[in-house]
Amino acid sequence: MTHERWRLLVTGVVQGVGFRPFVYAEANAHSLTGWITNSTDGVLVEVQGHTSNLERFRVALLTQAPTMSDVQDLVVEQVPVLTESDFTIRASSVGEGTTSLPSDTAVCENCLREMRETEDRRFGYPFIACTHCGPRYTIVTGLPYDRDHTTMVDFPMCSMCQAEYQDPTSRRFHAQPTACPVCGPSMSMDVAEIVDLLGVGRIGAIKGLGGYHLACDARNADAVAELRRRKQRGDKPFAVMAADLSTARALVHLDEHAEELLTSAQRPIVIAPAIDHELAQSIAPGNSTIGVMLPYAPLHHLLFDAGAPSVLVMTSGNLSDEPICIDESEAVDRLSAVADFFCHHNRRIHVACDDSVISVGMQVVQPIRRSRGYAPAPFRLPLSAPAMLAVGGELKATIGLARGQTAWLSQHIGDTTNFETMRMLERTVATMCEVQRVDPEVVVSDLHPGYLSRAWAQDWAVQRGVEYQGVQHHHAHAASLLVEHERTEPVIAFAFDGTGYGSDGQMWGGEALIASLASAERIGHLAQRMLPGGDAATDNNYRIALAHLHAAGEPWQDLLPPVAHAGEQELTVLARMLETGTGCTATTSVGRLFDAISALLGIRQQVEYEGQAAIELEAWASQSDSSAAWLADVHDDLTIDPSPMVRAAVRAAITGTPRADAARAFHLGLAHTVAVVAERARERWGIGTVGLTGGVFSNAVLTWACRERLGAAGFSVLTHQRVPANDGGLALGQLAVVTAQREGKE
Ligand code: ZN
Ligand code: ZN
Ligand code: FE
């Protein structure tokens, strides 16, 4: 039998996930000698032994790697055989390349078992962790990933923790977050105390993995109402944490896939159709869904084990629109008017990370917010990118970094309309560049001249002497979809959202594009409508309805809800504005069409949070199984005229059509219209794939209906699976567009 020596370079998420002990065990199991080391290129292994064993070893690395790891590439090279007698783990070396940081992960079964074992030295310890679980991204301050480059550097290990840390057969071998009650972090309150306070309806600010949560008993209507009032939250839904899966099943309808997501190591908030439950009605007013998650940090399990209310509101510890609080003084400063009590701990959070949100239902699974547990897992770009930074749009901002064929999308940052959020964006840029070792040569933003993130990117480019490039909003949406499906051929893309700056300087939001990574041709769009008062009209969506009525030539009859809602004087002013165009902004937004229909059907005239009118319209639509559809007119130039839909809504309002049926007819009609446009585009351009992107496609009823209708017409349909359809995905699309455009120029 032949004897060989191989050098393997393993890249992807392979550090901080128990990869070295795994390789150590596999090498021994296959009687191989050699060594392994972490480098900034990834994990470097040399192994020597019989060829057949080497081959089995290679397969094991690919097929049996630890759950938190994600091997992207494994390169094997044969090197000269050496004289050696064992397999060792060598100290980390520093290379030139880059590896990907692991994400934060829910506490694993083994740690949970130990935490509940009275004899264990970590019994009841809320910071228990091992190589398979615990904080990662939120505590990392640099690379290579070792304890000195995490906030655990504050906690020198005791001799027992140190011994486990150095033992390659231990589950805590080089587990950077490992600690125990003797040497590790601690909390400022007892679990029993927290449980008592939550039990009597108090609101707590509790420091967790990626920031503070505001928590209270979800069945206590007074507590929930009080939290809503103090947080100045309007009607925006609260997410809840259920003690366990069976508790969650009593709150929402969960199919197999939804349960998988709910119990996954990422533990996102899963938004699912609500069942009649006994939670406070004010959890999610006007919604037919609830966002539920399961315990993920050891503390959450300790709270429920100790008898905390079995469903807790768990919402980000922030004030409206501001980033989540991560340190003690900041939390006390900003949340003292909201929380009755504070539970701090002294493990520093270096990177703030909100809970991730995924919506399920109507056979549609959609990421809404990609953050804790997912960020900063890498994406593969089809082309090689220069070192690049992208700062996304304005709302739901995330940032992206790229180098070579790897792109990283940050955690959720928030609405960059205020100073606090811009500061978090700046911090995130600094941290991500540091830990992923990217020194950007190009910085990219949206084209909108009013976005703070654009001004920031342009300044940054000047200060650093790097290049700046803008990318059109809806092209970036489409490109993000193409990247996640690793598609390089053009598709017919429908980019429907609230608003985005068009390449003609107008406000867009109902776009049909032939989109590839490098280019987007606008082949059709929703017909322009006037927004009296511009984007400010979005809070008063009855005005948008009035504008759509005006454009459709429908009289403003008193019995129509938006007409009744407006004052006499206001109607006069609005009529004049719409006649003359004074003080109006034109838009092709489909999001605004949803706002208008919602008002016409008497569902909502004014909104308290972004998208509320559309979300409630969808909630009504999901309650009907009518097959009626209100079609729009599609003109030869592929302009979509929504006037027939508006007229249908007027008829429905006047004749008293059940609201659910009317809402559904609008959704089905829009899906049908999308299919008509796609069919005509297929005839002209010969493209058989359709992509659905933009925040409007967070709507499960619409996405489902489009997929059905397009599928029946023979299209293959791309929807978002890993990146949000909303502006949270823009940064990834921006990276891909610039990469492809540069490739084209060379
Ligand atoms: Zn563990
Ligand atoms: Zn210890
Ligand atoms: Fe958008």
# chains A, B, ... in the order shown; residues from 1 in each chain; ligands from 1
call {"tool": "residues_near_ligand", "arguments": {"ligand": "ligand 2", "cutoff": "8 Å", "atoms": "only C-alpha atoms and all ligand atoms", "output": "JSON list (two decimals) with C-alpha atoms, in the first residue's frame"}}
result
[["chain", "number", "residue", "atom", "x", "y", "z"],
["A", 157, "MET", "CA", -9.56, 30.92, 32.69],
["A", 158, "CYS", "CA", -9.40, 29.00, 35.96],
["A", 159, "SER", "CA", -7.23, 25.88, 35.98],
["A", 160, "MET", "CA", -10.16, 23.55, 35.28],
["A", 161, "CYS", "CA", -11.39, 25.57, 32.30],
["A", 162, "GLN", "CA", -7.82, 25.88, 31.08],
["A", 178, "THR", "CA", -15.82, 28.81, 27.52],
["A", 179, "ALA", "CA", -16.05, 29.82, 31.16],
["A", 180, "CYS", "CA", -17.45, 28.68, 34.48],
["A", 181, "PRO", "CA", -18.90, 30.29, 37.61],
["A", 182, "VAL", "CA", -15.38, 30.51, 39.08],
["A", 183, "CYS", "CA", -13.68, 32.38, 36.26],
["A", 184, "GLY", "CA", -16.36, 33.61, 33.86]]
call {"tool": "residues_around", "arguments": {"residues": "segment 364-372 of chain A", "least_positions_apart": "6", "cutoff": "8 Å", "atoms": "only C-alpha atoms", "output": "list in words"}}
result
Ser103, Asp104, Gly210, Gln266, Pro268, Cys353, Asp354, Asp355, Ser356, Val357, Ile358, Ser410, Gln411, His412, Ser698, Ala700, Thr703, Trp704, His720, Gln721, Arg722, Val723, Pro724, Ala725, Asn726 and Gly728 of chain A
call {"tool": "residues_around", "arguments": {"residues": "Arg334 of chain A", "least_positions_apart": "2", "cutoff": "12 Å", "atoms": "only C-alpha atoms", "output": "PyMOL selection string"}}
result
chain A and resi 205+212+230-231+317-320+322-332+336-339+342+420
call {"tool": "select_by_dssp", "arguments": {"residues": "segment 368-587 of chain A", "states": "alpha helix (DSSP H)", "output": "VMD selection string"}}
result
chain A and resid 419 to 435 452 to 464 473 to 484 541 to 551 561 to 565 568 to 580
call {"tool": "residues_around", "arguments": {"residues": "Met362 of chain A", "least_positions_apart": "2", "cutoff": "12 Å", "atoms": "only C-alpha atoms", "output": "PyMOL selection string"}}
result
chain A and resi 253-255+258+271-273+289+359-360+364-366+618-619+621-623+625+698-708
call {"tool": "residues_near_ligand", "arguments": {"ligand": "ligand 3", "cutoff": "9 Å", "atoms": "only C-alpha atoms and all ligand atoms", "output": "PDB file with C-alpha atoms, in the first residue's frame"}}
result
ATOM      1  CA  GLY A 393     -30.075  51.872   1.372  1.00  0.00           C
ATOM      2  CA  LEU A 395     -34.311  51.513   5.890  1.00  0.00           C
ATOM      3  CA  HIS A 473     -31.981  50.644  -5.957  1.00  0.00           C
ATOM      4  CA  HIS A 474     -34.074  48.121  -7.879  1.00  0.00           C
ATOM      5  CA  ALA A 476     -29.501  46.054  -6.429  1.00  0.00           C
ATOM      6  CA  HIS A 477     -32.679  44.251  -5.292  1.00  0.00           C
ATOM      7  CA  ALA A 495     -38.824  44.756  -8.109  1.00  0.00           C
ATOM      8  CA  PHE A 496     -41.808  46.009  -6.113  1.00  0.00           C
ATOM      9  CA  ASP A 497     -41.271  48.095  -3.012  1.00  0.00           C
ATOM     10  CA  GLY A 498     -42.228  51.278  -1.188  1.00  0.00           C
ATOM     11  CA  THR A 499     -39.767  53.608  -2.761  1.00  0.00           C
ATOM     12  CA  GLY A 500     -36.400  53.750  -4.466  1.00  0.00           C
ATOM     13  CA  GLY A 509     -41.173  51.060  -6.780  1.00  0.00           C
ATOM     14  CA  THR A 693     -37.796  40.972  -5.234  1.00  0.00           C
ATOM     15  CA  GLY A 694     -38.340  44.167  -3.233  1.00  0.00           C
ATOM     16  CA  GLY A 695     -40.097  44.689   0.090  1.00  0.00           C
ATOM     17  CA  VAL A 696     -43.577  44.152  -1.376  1.00  0.00           C
ATOM     18  CA  ALA A 725     -36.581  40.793  -0.280  1.00  0.00           C
ATOM     19  CA  ASN A 726     -36.658  44.159   1.482  1.00  0.00           C
ATOM     20  CA  ASP A 727     -33.876  46.734   1.692  1.00  0.00           C
ATOM     21  CA  GLY A 728     -31.963  44.501   4.122  1.00  0.00           C
ATOM     22  CA  GLY A 729     -30.593  42.717   1.038  1.00  0.00           C
ATOM     23  CA  LEU A 730     -29.513  45.775  -0.964  1.00  0.00           C
TER      24      LEU A 730
END
call {"tool": "decode", "arguments": {"residues": "segment 597-617 of chain A", "atoms": "N, CA and C atoms", "output": "PDB file, in the first residue's frame"}}
result
ATOM      1  N   ILE A 597     -55.231  50.813  -1.728  1.00  0.00           N
ATOM      2  CA  ILE A 597     -56.300  49.803  -1.686  1.00  0.00           C
ATOM      3  C   ILE A 597     -56.717  49.541  -0.242  1.00  0.00           C
ATOM      4  N   SER A 598     -55.732  49.513   0.660  1.00  0.00           N
ATOM      5  CA  SER A 598     -56.023  49.301   2.078  1.00  0.00           C
ATOM      6  C   SER A 598     -56.980  50.379   2.592  1.00  0.00           C
ATOM      7  N   ALA A 599     -56.739  51.618   2.181  1.00  0.00           N
ATOM      8  CA  ALA A 599     -57.617  52.716   2.598  1.00  0.00           C
ATOM      9  C   ALA A 599     -58.995  52.588   1.954  1.00  0.00           C
ATOM     10  N   LEU A 600     -59.014  52.281   0.644  1.00  0.00           N
ATOM     11  CA  LEU A 600     -60.298  52.172  -0.052  1.00  0.00           C
ATOM     12  C   LEU A 600     -61.182  51.089   0.546  1.00  0.00           C
ATOM     13  N   LEU A 601     -60.576  50.004   1.016  1.00  0.00           N
ATOM     14  CA  LEU A 601     -61.366  48.914   1.587  1.00  0.00           C
ATOM     15  C   LEU A 601     -61.678  49.165   3.064  1.00  0.00           C
ATOM     16  N   GLY A 602     -61.308  50.366   3.545  1.00  0.00           N
ATOM     17  CA  GLY A 602     -61.650  50.722   4.918  1.00  0.00           C
ATOM     18  C   GLY A 602     -60.804  50.001   5.955  1.00  0.00           C
ATOM     19  N   ILE A 603     -59.665  49.479   5.540  1.00  0.00           N
ATOM     20  CA  ILE A 603     -58.830  48.735   6.480  1.00  0.00           C
ATOM     21  C   ILE A 603     -57.966  49.688   7.294  1.00  0.00           C
ATOM     22  N   ARG A 604     -57.337  50.617   6.637  1.00  0.00           N
ATOM     23  CA  ARG A 604     -56.440  51.532   7.354  1.00  0.00           C
ATOM     24  C   ARG A 604     -56.298  52.843   6.591  1.00  0.00           C
ATOM     25  N   GLN A 605     -56.458  53.963   7.296  1.00  0.00           N
ATOM     26  CA  GLN A 605     -56.319  55.286   6.664  1.00  0.00           C
ATOM     27  C   GLN A 605     -54.998  55.957   7.017  1.00  0.00           C
ATOM     28  N   GLN A 606     -54.477  55.602   8.176  1.00  0.00           N
ATOM     29  CA  GLN A 606     -53.198  56.174   8.607  1.00  0.00           C
ATOM     30  C   GLN A 606     -52.359  55.055   9.196  1.00  0.00           C
ATOM     31  N   VAL A 607     -51.042  55.160   9.039  1.00  0.00           N
ATOM     32  CA  VAL A 607     -50.202  54.057   9.531  1.00  0.00           C
ATOM     33  C   VAL A 607     -49.288  54.527  10.658  1.00  0.00           C
ATOM     34  N   GLU A 608     -48.992  53.587  11.528  1.00  0.00           N
ATOM     35  CA  GLU A 608     -48.112  53.893  12.658  1.00  0.00           C
ATOM     36  C   GLU A 608     -46.728  53.291  12.469  1.00  0.00           C
ATOM     37  N   TYR A 609     -46.597  52.374  11.529  1.00  0.00           N
ATOM     38  CA  TYR A 609     -45.259  51.867  11.216  1.00  0.00           C
ATOM     39  C   TYR A 609     -45.206  51.544   9.727  1.00  0.00           C
ATOM     40  N   GLU A 610     -44.003  51.477   9.198  1.00  0.00           N
ATOM     41  CA  GLU A 610     -43.809  51.283   7.777  1.00  0.00           C
ATOM     42  C   GLU A 610     -44.465  49.982   7.314  1.00  0.00           C
ATOM     43  N   GLY A 611     -45.279  50.064   6.286  1.00  0.00           N
ATOM     44  CA  GLY A 611     -45.879  48.858   5.716  1.00  0.00           C
ATOM     45  C   GLY A 611     -47.161  48.404   6.398  1.00  0.00           C
ATOM     46  N   GLN A 612     -47.619  49.124   7.420  1.00  0.00           N
ATOM     47  CA  GLN A 612     -48.770  48.648   8.191  1.00  0.00           C
ATOM     48  C   GLN A 612     -50.021  48.449   7.338  1.00  0.00           C
ATOM     49  N   ALA A 613     -50.318  49.410   6.473  1.00  0.00           N
ATOM     50  CA  ALA A 613     -51.540  49.309   5.663  1.00  0.00           C
ATOM     51  C   ALA A 613     -51.502  48.066   4.778  1.00  0.00           C
ATOM     52  N   ALA A 614     -50.327  47.786   4.212  1.00  0.00           N
ATOM     53  CA  ALA A 614     -50.172  46.617   3.343  1.00  0.00           C
ATOM     54  C   ALA A 614     -50.225  45.325   4.144  1.00  0.00           C
ATOM     55  N   ILE A 615     -49.612  45.326   5.320  1.00  0.00           N
ATOM     56  CA  ILE A 615     -49.596  44.122   6.154  1.00  0.00           C
ATOM     57  C   ILE A 615     -51.017  43.749   6.572  1.00  0.00           C
ATOM     58  N   GLU A 616     -51.808  44.760   6.912  1.00  0.00           N
ATOM     59  CA  GLU A 616     -53.187  44.472   7.320  1.00  0.00           C
ATOM     60  C   GLU A 616     -54.055  44.067   6.124  1.00  0.00           C
ATOM     61  N   LEU A 617     -53.743  44.633   4.972  1.00  0.00           N
ATOM     62  CA  LEU A 617     -54.453  44.220   3.750  1.00  0.00           C
ATOM     63  C   LEU A 617     -54.151  42.738   3.461  1.00  0.00           C
TER      64      LEU A 617
END
